[in-house]
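Below: model_30.cif (mmCIF, C-alpha atoms)
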data_data
loop_
_atom_site.group_PDB
_atom_site.id
_atom_site.type_symbol
_atom_site.label_atom_id
_atom_site.label_comp_id
_atom_site.auth_asym_id
_atom_site.auth_seq_id
_atom_site.Cartn_x
_atom_site.Cartn_y
_atom_site.Cartn_z
ATOM 1 C CA MET J 1 -23.722 -8.988 5.355
ATOM 2 C CA ALA J 2 -19.947 -9.480 5.355
ATOM 3 C CA ARG J 3 -17.942 -8.079 8.267
ATOM 4 C CA PHE J 4 -14.489 -6.614 7.624
ATOM 5 C CA LEU J 5 -11.561 -5.518 9.754
ATOM 6 C CA ILE J 6 -9.217 -3.018 8.112
ATOM 7 C CA THR J 7 -5.977 -2.707 10.059
ATOM 8 C CA GLY J 8 -4.423 0.690 9.419
ATOM 9 C CA GLY J 9 -7.887 1.781 8.347
ATOM 10 C CA ALA J 10 -7.280 5.473 9.076
ATOM 11 C CA GLY J 11 -4.255 5.517 6.801
ATOM 12 C CA PHE J 12 -4.019 6.505 3.167
ATOM 13 C CA ILE J 13 -4.834 3.163 1.518
ATOM 14 C CA GLY J 14 -6.745 1.655 4.426
ATOM 15 C CA SER J 15 -9.234 4.528 4.593
ATOM 16 C CA HIS J 16 -9.978 4.170 0.876
ATOM 17 C CA VAL J 17 -10.599 0.431 1.295
ATOM 18 C CA ALA J 18 -12.802 1.048 4.325
ATOM 19 C CA SER J 19 -14.846 3.844 2.754
ATOM 20 C CA THR J 20 -15.477 1.790 -0.401
ATOM 21 C CA LEU J 21 -16.634 -1.185 1.665
ATOM 22 C CA LEU J 22 -18.986 1.068 3.648
ATOM 23 C CA GLN J 23 -20.495 2.249 0.369
ATOM 24 C CA THR J 24 -21.286 -1.376 -0.517
ATOM 25 C CA GLY J 25 -23.184 -1.812 2.746
ATOM 26 C CA ALA J 26 -20.585 -3.983 4.470
ATOM 27 C CA GLN J 27 -19.945 -3.852 8.207
ATOM 28 C CA VAL J 28 -16.524 -2.295 8.751
ATOM 29 C CA ARG J 29 -14.260 -2.167 11.771
ATOM 30 C CA VAL J 30 -11.079 -0.077 11.650
ATOM 31 C CA LEU J 31 -8.003 -0.605 13.822
ATOM 32 C CA ASP J 32 -5.404 2.172 13.860
ATOM 33 C CA ASN J 33 -2.942 3.664 16.337
ATOM 34 C CA PHE J 34 -2.825 6.976 14.386
ATOM 35 C CA ALA J 35 0.971 6.939 14.234
ATOM 36 C CA THR J 36 0.819 7.502 10.472
ATOM 37 C CA GLY J 37 -2.944 7.257 9.935
ATOM 38 C CA LEU J 38 -4.846 10.527 10.220
ATOM 39 C CA ARG J 39 -7.846 11.182 12.427
ATOM 40 C CA GLU J 40 -9.162 13.519 9.758
ATOM 41 C CA ASN J 41 -9.629 10.474 7.502
ATOM 42 C CA LEU J 42 -12.313 9.224 9.893
ATOM 43 C CA ARG J 43 -14.702 11.704 8.296
ATOM 44 C CA PHE J 44 -14.787 9.359 5.286
ATOM 45 C CA LEU J 45 -15.663 6.400 7.518
ATOM 46 C CA SER J 46 -19.117 7.271 8.816
ATOM 47 C CA GLY J 47 -20.724 4.046 10.006
ATOM 48 C CA ALA J 48 -17.463 2.236 10.741
ATOM 49 C CA GLU J 49 -16.519 0.984 14.188
ATOM 50 C CA VAL J 50 -13.164 2.533 15.097
ATOM 51 C CA LEU J 51 -10.758 0.888 17.541
ATOM 52 C CA GLU J 52 -7.671 2.818 18.554
ATOM 53 C CA GLY J 53 -4.778 0.466 19.120
ATOM 54 C CA ASP J 54 -1.490 -0.950 17.888
ATOM 55 C CA VAL J 55 -1.018 -4.213 15.996
ATOM 56 C CA ARG J 56 2.006 -4.862 18.215
ATOM 57 C CA SER J 57 -0.424 -5.416 21.115
ATOM 58 C CA TYR J 58 -1.846 -8.930 20.861
ATOM 59 C CA HIS J 59 -4.816 -8.396 23.161
ATOM 60 C CA ILE J 60 -5.944 -5.363 21.130
ATOM 61 C CA VAL J 61 -5.598 -7.305 17.892
ATOM 62 C CA ARG J 62 -7.548 -10.217 19.390
ATOM 63 C CA GLU J 63 -10.387 -7.832 20.254
ATOM 64 C CA ALA J 64 -10.284 -6.335 16.755
ATOM 65 C CA VAL J 65 -10.627 -9.632 14.875
ATOM 66 C CA ASP J 66 -13.517 -10.904 16.979
ATOM 67 C CA GLY J 67 -16.588 -11.598 14.881
ATOM 68 C CA VAL J 68 -15.227 -10.506 11.485
ATOM 69 C CA ASP J 69 -15.276 -12.510 8.260
ATOM 70 C CA PHE J 70 -12.349 -10.852 6.465
ATOM 71 C CA VAL J 71 -9.208 -9.026 7.543
ATOM 72 C CA ILE J 72 -7.553 -6.610 5.117
ATOM 73 C CA HIS J 73 -4.184 -6.047 6.744
ATOM 74 C CA GLN J 74 -2.930 -2.608 5.734
ATOM 75 C CA ALA J 75 -1.295 -1.599 9.017
ATOM 76 C CA ALA J 76 2.431 -1.014 8.567
ATOM 77 C CA LEU J 77 5.180 1.477 9.185
ATOM 78 C CA PRO J 78 5.854 2.591 5.610
ATOM 79 C CA SER J 79 8.883 4.187 3.924
ATOM 80 C CA VAL J 80 12.250 2.786 2.911
ATOM 81 C CA PRO J 81 14.178 5.799 4.315
ATOM 82 C CA ARG J 82 12.390 5.479 7.664
ATOM 83 C CA SER J 83 13.332 1.801 7.864
ATOM 84 C CA VAL J 84 16.961 2.584 7.035
ATOM 85 C CA ARG J 85 16.998 5.075 9.898
ATOM 86 C CA ASP J 86 15.103 2.852 12.342
ATOM 87 C CA PRO J 87 15.041 -0.817 11.275
ATOM 88 C CA ILE J 88 13.994 -2.131 14.686
ATOM 89 C CA THR J 89 10.683 -0.259 14.818
ATOM 90 C CA SER J 90 9.929 -1.177 11.199
ATOM 91 C CA ASN J 91 10.466 -4.820 12.091
ATOM 92 C CA ASP J 92 8.314 -4.605 15.213
ATOM 93 C CA VAL J 93 5.342 -3.084 13.411
ATOM 94 C CA ASN J 94 5.591 -4.863 10.080
ATOM 95 C CA VAL J 95 6.701 -8.329 11.211
ATOM 96 C CA VAL J 96 5.606 -8.772 14.831
ATOM 97 C CA GLY J 97 2.402 -6.839 14.125
ATOM 98 C CA THR J 98 1.610 -8.999 11.102
ATOM 99 C CA LEU J 99 2.234 -12.193 13.060
ATOM 100 C CA ASN J 100 -0.115 -10.956 15.789
ATOM 101 C CA VAL J 101 -2.853 -10.277 13.224
ATOM 102 C CA LEU J 102 -2.399 -13.664 11.545
ATOM 103 C CA ASP J 103 -2.411 -15.610 14.797
ATOM 104 C CA ALA J 104 -5.402 -13.787 16.250
ATOM 105 C CA ALA J 105 -7.372 -14.021 12.990
ATOM 106 C CA ARG J 106 -6.730 -17.758 12.742
ATOM 107 C CA ASP J 107 -7.850 -18.323 16.335
ATOM 108 C CA ALA J 108 -10.965 -16.202 15.729
ATOM 109 C CA ARG J 109 -11.824 -18.343 12.667
ATOM 110 C CA VAL J 110 -11.702 -15.425 10.254
ATOM 111 C CA SER J 111 -12.496 -16.638 6.734
ATOM 112 C CA ARG J 112 -9.608 -14.939 4.915
ATOM 113 C CA LEU J 113 -6.814 -12.396 5.380
ATOM 114 C CA VAL J 114 -5.512 -10.177 2.571
ATOM 115 C CA PHE J 115 -1.975 -8.911 3.163
ATOM 116 C CA ALA J 116 -0.607 -5.646 1.766
ATOM 117 C CA SER J 117 2.920 -6.354 0.579
ATOM 118 C CA SER J 118 5.217 -4.218 -1.548
ATOM 119 C CA SER J 119 7.114 -4.156 -4.822
ATOM 120 C CA SER J 120 10.173 -3.368 -2.706
ATOM 121 C CA VAL J 121 10.610 -7.097 -2.033
ATOM 122 C CA TYR J 122 11.949 -7.508 -5.585
ATOM 123 C CA GLY J 123 14.870 -5.162 -4.959
ATOM 124 C CA ASP J 124 17.053 -3.815 -7.727
ATOM 125 C CA THR J 125 17.078 -6.895 -9.943
ATOM 126 C CA PRO J 126 17.685 -6.079 -13.629
ATOM 127 C CA THR J 127 14.746 -8.142 -14.902
ATOM 128 C CA LEU J 128 11.761 -6.086 -16.055
ATOM 129 C CA PRO J 129 8.877 -6.242 -15.643
ATOM 130 C CA LYS J 130 8.923 -7.649 -12.121
ATOM 131 C CA HIS J 131 6.984 -10.909 -11.999
ATOM 132 C CA GLU J 132 5.930 -13.122 -9.118
ATOM 133 C CA LYS J 133 8.234 -16.035 -10.006
ATOM 134 C CA MET J 134 11.339 -13.879 -9.491
ATOM 135 C CA THR J 135 13.487 -14.543 -6.436
ATOM 136 C CA PRO J 136 12.984 -11.642 -4.011
ATOM 137 C CA ASN J 137 16.019 -9.472 -3.288
ATOM 138 C CA PRO J 138 15.003 -6.959 -0.593
ATOM 139 C CA MET J 139 17.435 -4.040 -0.275
ATOM 140 C CA SER J 140 16.034 -2.230 2.775
ATOM 141 C CA PRO J 141 14.737 -3.188 6.220
ATOM 142 C CA TYR J 142 11.250 -2.166 5.036
ATOM 143 C CA ALA J 143 11.443 -4.599 2.113
ATOM 144 C CA VAL J 144 12.776 -7.342 4.385
ATOM 145 C CA SER J 145 9.878 -6.791 6.790
ATOM 146 C CA LYS J 146 7.314 -7.031 4.000
ATOM 147 C CA LEU J 147 8.872 -10.230 2.683
ATOM 148 C CA ALA J 148 8.838 -11.684 6.197
ATOM 149 C CA GLY J 149 5.130 -10.863 6.395
ATOM 150 C CA GLU J 150 4.583 -12.694 3.109
ATOM 151 C CA HIS J 151 6.380 -15.778 4.444
ATOM 152 C CA TYR J 152 4.246 -15.764 7.582
ATOM 153 C CA CYS J 153 1.117 -15.568 5.422
ATOM 154 C CA ARG J 154 2.266 -18.553 3.372
ATOM 155 C CA SER J 155 3.192 -20.568 6.445
ATOM 156 C CA PHE J 156 -0.198 -19.947 8.088
ATOM 157 C CA CYS J 157 -1.892 -20.980 4.858
ATOM 158 C CA HIS J 158 0.180 -24.168 4.637
ATOM 159 C CA LEU J 159 0.329 -25.205 8.303
ATOM 160 C CA TYR J 160 -3.066 -24.130 9.580
ATOM 161 C CA ARG J 161 -5.135 -24.044 6.378
ATOM 162 C CA PHE J 162 -5.849 -20.403 7.160
ATOM 163 C CA GLU J 163 -6.766 -18.555 3.967
ATOM 164 C CA THR J 164 -4.333 -15.776 3.058
ATOM 165 C CA VAL J 165 -3.815 -13.757 -0.123
ATOM 166 C CA ILE J 166 -0.752 -11.575 -0.770
ATOM 167 C CA LEU J 167 -0.937 -8.414 -2.880
ATOM 168 C CA ARG J 168 2.287 -6.659 -3.848
ATOM 169 C CA TYR J 169 1.533 -2.966 -4.354
ATOM 170 C CA PHE J 170 3.547 -0.791 -6.705
ATOM 171 C CA ASN J 171 3.920 2.922 -5.816
ATOM 172 C CA VAL J 172 0.389 3.728 -4.748
ATOM 173 C CA PHE J 173 -0.805 7.335 -4.902
ATOM 174 C CA GLY J 174 -4.015 9.290 -4.545
ATOM 175 C CA PRO J 175 -6.072 11.537 -2.260
ATOM 176 C CA ARG J 176 -5.402 11.375 1.510
ATOM 177 C CA GLN J 177 -1.687 10.776 0.990
ATOM 178 C CA ASN J 178 0.082 13.161 3.360
ATOM 179 C CA PRO J 179 2.432 15.526 1.450
ATOM 180 C CA ARG J 180 3.894 17.077 4.608
ATOM 181 C CA SER J 181 5.286 13.975 6.275
ATOM 182 C CA GLU J 182 9.069 13.678 6.447
ATOM 183 C CA TYR J 183 8.612 10.328 4.728
ATOM 184 C CA ALA J 184 5.961 11.363 2.227
ATOM 185 C CA ALA J 185 5.785 9.527 -1.087
ATOM 186 C CA VAL J 186 7.104 11.234 -4.189
ATOM 187 C CA ILE J 187 3.816 12.242 -5.875
ATOM 188 C CA PRO J 188 2.290 14.310 -3.031
ATOM 189 C CA LYS J 189 5.693 15.893 -2.439
ATOM 190 C CA PHE J 190 6.016 16.814 -6.123
ATOM 191 C CA ILE J 191 2.489 18.229 -6.247
ATOM 192 C CA GLU J 192 3.092 20.337 -3.147
ATOM 193 C CA ALA J 193 6.385 21.684 -4.509
ATOM 194 C CA ILE J 194 5.110 22.513 -7.995
ATOM 195 C CA ARG J 195 2.002 24.224 -6.592
ATOM 196 C CA LYS J 196 4.290 26.466 -4.532
ATOM 197 C CA ASP J 197 6.608 27.154 -7.501
ATOM 198 C CA GLN J 198 9.372 25.239 -5.752
ATOM 199 C CA ALA J 199 11.734 22.731 -7.342
ATOM 200 C CA PRO J 200 10.628 19.118 -6.804
ATOM 201 C CA VAL J 201 13.536 17.165 -5.328
ATOM 202 C CA ILE J 202 14.624 13.996 -7.138
ATOM 203 C CA PHE J 203 17.123 11.656 -5.475
ATOM 204 C CA GLY J 204 19.108 10.372 -8.450
ATOM 205 C CA ASP J 205 19.234 11.396 -12.107
ATOM 206 C CA GLY J 206 15.461 11.353 -12.643
ATOM 207 C CA MET J 207 15.629 8.440 -15.075
ATOM 208 C CA GLN J 208 14.688 5.923 -12.412
ATOM 209 C CA THR J 209 11.280 4.410 -13.149
ATOM 210 C CA ARG J 210 8.224 3.352 -11.192
ATOM 211 C CA ASP J 211 4.810 1.817 -11.825
ATOM 212 C CA PHE J 212 2.614 4.501 -10.244
ATOM 213 C CA THR J 213 -0.753 2.995 -9.277
ATOM 214 C CA TYR J 214 -3.824 5.023 -8.371
ATOM 215 C CA VAL J 215 -5.377 3.972 -5.073
ATOM 216 C CA GLU J 216 -8.750 3.048 -6.602
ATOM 217 C CA ASN J 217 -7.014 0.236 -8.484
ATOM 218 C CA ILE J 218 -5.590 -1.044 -5.198
ATOM 219 C CA VAL J 219 -9.015 -0.971 -3.544
ATOM 220 C CA GLN J 220 -10.481 -2.987 -6.418
ATOM 221 C CA ALA J 221 -7.802 -5.665 -5.993
ATOM 222 C CA ASN J 222 -8.397 -5.975 -2.248
ATOM 223 C CA LEU J 223 -12.124 -6.466 -2.634
ATOM 224 C CA LEU J 224 -11.598 -9.059 -5.346
ATOM 225 C CA ALA J 225 -9.032 -10.863 -3.183
ATOM 226 C CA CYS J 226 -11.635 -11.301 -0.448
ATOM 227 C CA GLU J 227 -14.221 -12.930 -2.649
ATOM 228 C CA ARG J 228 -12.494 -14.807 -5.483
ATOM 229 C CA ASP J 229 -11.926 -18.557 -5.488
ATOM 230 C CA GLY J 230 -8.568 -19.914 -6.592
ATOM 231 C CA VAL J 231 -6.462 -17.141 -5.036
ATOM 232 C CA VAL J 232 -5.773 -18.546 -1.573
ATOM 233 C CA GLY J 233 -2.055 -18.831 -0.903
ATOM 234 C CA ARG J 234 -1.218 -16.846 -4.024
ATOM 235 C CA THR J 235 0.937 -13.741 -4.458
ATOM 236 C CA MET J 236 -0.009 -11.134 -7.067
ATOM 237 C CA ASN J 237 1.392 -7.831 -8.290
ATOM 238 C CA ILE J 238 -1.102 -4.976 -8.198
ATOM 239 C CA ALA J 239 -0.065 -2.134 -10.482
ATOM 240 C CA THR J 240 -0.724 -0.774 -13.967
ATOM 241 C CA GLY J 241 2.010 -2.593 -15.886
ATOM 242 C CA THR J 242 3.556 0.650 -17.164
ATOM 243 C CA GLN J 243 6.961 2.239 -16.590
ATOM 244 C CA VAL J 244 7.278 5.978 -15.920
ATOM 245 C CA SER J 245 10.466 7.878 -15.058
ATOM 246 C CA LEU J 246 10.467 10.559 -12.384
ATOM 247 C CA LEU J 247 11.261 13.195 -15.010
ATOM 248 C CA GLU J 248 8.263 11.999 -17.042
ATOM 249 C CA LEU J 249 6.150 12.168 -13.883
ATOM 250 C CA VAL J 250 7.182 15.796 -13.363
ATOM 251 C CA ALA J 251 6.210 16.578 -16.969
ATOM 252 C CA VAL J 252 2.733 15.092 -16.490
ATOM 253 C CA LEU J 253 2.272 17.022 -13.250
ATOM 254 C CA GLU J 254 3.326 20.248 -14.973
ATOM 255 C CA ARG J 255 0.618 19.612 -17.551
ATOM 256 C CA VAL J 256 -2.008 18.800 -14.909
ATOM 257 C CA LEU J 257 -1.100 21.796 -12.729
ATOM 258 C CA GLY J 258 -0.466 24.197 -15.602
ATOM 259 C CA ARG J 259 2.940 25.208 -14.224
ATOM 260 C CA GLN J 260 6.575 24.867 -15.273
ATOM 261 C CA THR J 261 9.368 23.770 -12.955
ATOM 262 C CA GLN J 262 12.984 22.636 -12.889
ATOM 263 C CA PRO J 263 13.613 19.593 -10.660
ATOM 264 C CA GLU J 264 16.485 19.642 -8.190
ATOM 265 C CA LEU J 265 18.641 16.519 -8.540
ATOM 266 C CA ARG J 266 20.317 15.173 -5.403
ATOM 267 C CA PRO J 267 22.409 12.034 -4.758
ATOM 268 C CA ALA J 268 20.485 8.768 -4.738
ATOM 269 C CA ARG J 269 19.474 7.443 -1.310
ATOM 270 C CA PRO J 270 20.580 4.099 0.167
ATOM 271 C CA GLY J 271 18.025 1.324 -0.362
ATOM 272 C CA ASP J 272 16.221 3.018 -3.261
ATOM 273 C CA VAL J 273 15.502 0.831 -6.292
ATOM 274 C CA VAL J 274 16.419 2.251 -9.716
ATOM 275 C CA HIS J 275 13.839 0.640 -12.026
ATOM 276 C CA SER J 276 10.545 -1.003 -11.207
ATOM 277 C CA TYR J 277 7.378 -1.914 -13.006
ATOM 278 C CA ALA J 278 5.057 -4.861 -12.766
ATOM 279 C CA ALA J 279 3.808 -7.764 -14.780
ATOM 280 C CA ILE J 280 0.126 -7.909 -13.806
ATOM 281 C CA ASP J 281 -0.972 -10.947 -15.818
ATOM 282 C CA LYS J 282 -1.418 -13.076 -12.704
ATOM 283 C CA GLY J 283 -3.747 -10.567 -11.054
ATOM 284 C CA ARG J 284 -5.755 -10.306 -14.242
ATOM 285 C CA GLU J 285 -6.045 -14.081 -14.547
ATOM 286 C CA LEU J 286 -6.736 -15.030 -10.933
ATOM 287 C CA LEU J 287 -8.512 -11.965 -9.565
ATOM 288 C CA GLY J 288 -10.088 -10.505 -12.666
ATOM 289 C CA TYR J 289 -8.142 -7.362 -11.758
ATOM 290 C CA GLU J 290 -7.901 -4.589 -14.348
ATOM 291 C CA PRO J 291 -6.483 -1.139 -13.579
ATOM 292 C CA THR J 292 -9.247 1.288 -14.480
ATOM 293 C CA VAL J 293 -7.633 4.621 -13.567
ATOM 294 C CA SER J 294 -4.628 5.803 -15.595
ATOM 295 C CA LEU J 295 -1.669 7.755 -14.236
ATOM 296 C CA GLU J 296 -2.807 11.109 -15.640
ATOM 297 C CA GLU J 297 -6.416 10.664 -14.573
ATOM 298 C CA GLY J 298 -5.250 9.591 -11.114
ATOM 299 C CA LEU J 299 -3.005 12.637 -10.875
ATOM 300 C CA ARG J 300 -5.893 14.918 -11.864
ATOM 301 C CA ARG J 301 -8.065 13.401 -9.133
ATOM 302 C CA THR J 302 -5.252 13.678 -6.599
ATOM 303 C CA VAL J 303 -4.553 17.316 -7.431
ATOM 304 C CA ALA J 304 -8.270 18.109 -7.235
ATOM 305 C CA ALA J 305 -8.455 16.530 -3.762
ATOM 306 C CA LEU J 306 -5.347 18.307 -2.511
ATOM 307 C CA THR J 307 -6.529 21.696 -3.767
ATOM 308 C CA ALA J 308 -10.142 21.340 -2.640
ATOM 309 C CA PRO J 309 -11.245 23.949 -0.063
#
Represent the structure from my file as structure tokens, please.
Amino acid sequence: MARFLITGGAGFIGSHVASTLLQTGAQVRVLDNFATGLRENLRFLSGAEVLEGDVRSYHIVREAVDGVDFVIHQAALPSVPRSVRDPITSNDVNVVGTLNVLDAARDARVSRLVFASSSSVYGDTPTLPKHEKMTPNPMSPYAVSKLAGEHYCRSFCHLYRFETVILRYFNVFGPRQNPRSEYAAVIPKFIEAIRKDQAPVIFGDGMQTRDFTYVENIVQANLLACERDGVVGRTMNIATGTQVSLLELVAVLERVLGRQTQPELRPARPGDVVHSYAAIDKGRELLGYEPTVSLEEGLRRTVAALTAP
């Protein structure tokens, strides 16, 4: 029976990865400091071993990796705006924390580490779709920190023959995403606003595009990245390969929620990318990854979870 450590396992994505692994019968250990992860998500993790601690603390990380076969490294301080406001803490968590996890996992002879990176590393380059051979152009401290984590993964793979796989996520959404955080992602914020007959706030003209990816697709990619041959040292986009504007997103949500709204347009924020969507051919070829949940179906599931009693 495989043994997994999910760093950030009480967070939005991490808790979905952990709960899916538990359903397969795997042994799961979760490490989280609950800075952005939610204790209420632990109700989905019955049977998991939960360690409370911070990836910035090496001795805690060393305890967490002991005896596991795979590390799925989700722990991070997310949000571009947060990193613009506080770049030092973003660096500490996302870079120093990642280096701690890599070093401890290598010393503990973990079989493989899967790293959660971000589409933000591409920056605002005009080329679409974004593909893995493009030169990264990070525009925010958050993006810089994720790219630094990628480089550490590659260096550990090259220097120490420690198996790492890098997955670049594109705009993940789904149940358990906190709509009330100051740094909440756009979809839970839009759902919350439209449900309350308030205007969803768009920073920019609304024509900016994203590749919104339902969390179940992300979970699938992580599990495949742990088991597939031929993916070690590789970097792959994980998304749907489709481009949706924020105004189009609002229209789909209006249809799902059965309500009409008028978005409030505000000036664009520093560090925000205008257009982004992914080429996912590499993930399909190397991982056997295929997005199975569409945007509208994912939104329906998300709304159902947010409105459940």
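Distance check against J:Asn91 using all atoms listed in the file: of J:Leu223, J:Ala143, J:Ile202, J:Leu295, the minimum falls on J:Ala143.
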I would like the residues chosen by the PyMOL selection byres ((chain J and resi 242) around 9) on the shown file; could you give them as a ChimeraX atom specification?
-> /J:129,210-212,239-241,243-244,277-279
Which residue, J:Asp92, J:Asp86, J:Asp69, J:Glu52, has the smallest gap to J:Arg112 when you use all atoms listed in the file?
->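 Once distances to J:Arg112 are computed over all atoms listed in the file, the minimum belongs to J:Asp69.
Using the PyMOL selection byres ((chain J and resi 14) around 9) on this structure selects Ile6, Thr7, Gly8, Gly9, Ala10, Gly11, Phe12, Ile13, Ser15, His16, Val17, Ala18, Ser19, Val30, Gly37, Ile72, His73, Gln74, Ala75 and Val219 of chain J.
Distances to J:Arg29 were evaluated for J:Thr302, J:Asn137, J:Gln262, J:Ser46 using all atoms listed in the file, and the minimum falls at J:Ser46.
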For J:Gln220, the nearest of the candidates J:Thr20, J:Arg180, J:Ala26, J:Arg168, counting all atoms listed in the file | J:Thr20
Fewer than 5 positions away in the same chain doesn't count, so skip those; otherwise give me all residues within 12 Å of J:His158, counting all atoms listed in the file, as a PyMOL selection string.
-> chain J and resi 151-153+163-164+232-234
Step by step, work through what the PyMOL selection byres ((chain J and resi 269) around 12) selects in the shown file, and finish by giving those residues as a PyMOL selection string.
-> chain J and resi 80-82+84-85+139-140+202-205+265-268+270-274
Could you tell me how far atom CA of J:Ala104 lies from atom CA of J:Leu286, in Å and to one decimal?
->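 Between atom CA of J:Ala104 and atom CA of J:Leu286 the gap is 27.2 Å.
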Give me the box for stretch 292-297 of chain J as lines of an AutoDock Vina configuration file, namely the centre and edge lengths in Å to one decimal of a box along x, y and z that holds every listed atom plus 3 Å on each side.
center_x = -5.5
center_y = 6.2
center_z = -14.6
size_x = 13.6
size_y = 15.8
size_z = 8.1
Residue contacts of J:Ile187 (12 Å, only C-alpha atoms) excluding same-chain residues fewer than 2 positions away, as a PyMOL selection string = chain J and resi 171-180+183-185+189-194+200-202+210+212-214+246-247+249-250+252-253+295-296+298-300+302-303+306
Rank J:Ala148, J:Leu22, J:Leu257, J:Ala2 by their smallest atom-to-atom distance to J:Gly97, using all atoms listed in the file, and report the top residue only.
->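 For J:Gly97, the nearest of the given residues is J:Ala148.
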Grab the atom CA of J:Glu227 to atom CA of J:Leu159 distance for me, in Å with one decimal place.
->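 Calculated distance between atom CA of J:Glu227 and atom CA of J:Leu159 is 22.0 Å.
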For each of J:Val121, J:Leu224, J:Thr209, J:Arg154, take the minimum atom-to-atom distance to J:Pro138, counting only C-alpha atoms, then give the residue where this is smallest.
->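 Of the candidates, the smallest distance to J:Pro138 is held by J:Val121.
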Atomic distance atom CA of J:Gly47 - atom CA of J:Thr292, expressed in Å with one decimal |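 The value is 27.2 Å.
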Please, which residues are within 6 Å of (-6.3, -4.6, -0.8) by the file's coordinates, counting only C-alpha atoms, and could they come as a list of chain:residue names?
->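 In the file's frame, the residues around the point are J:Ile218, J:Val219, J:Ala221, J:Asn222.
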Within 8 Å of (8.5, -3.6, -1.7), in the coordinates the file gives, what residues turn up when you count all atoms listed in the file, written out as a list in words?
->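 Counting all atoms listed in the file, I find these residues within 8 Å of (8.5, -3.6, -1.7): Ser117, Ser118, Ser119, Ser120, Val121, Tyr122, Gly123, Pro138, Tyr142, Ala143, Lys146, Leu147, Arg168, Tyr169 and Phe170 of chain J.
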7 Å contact set for J:Ile166, all atoms listed in the file, chain neighbours under 4 positions out, as a PyMOL selection string = chain J and resi 114-117+150+234-236
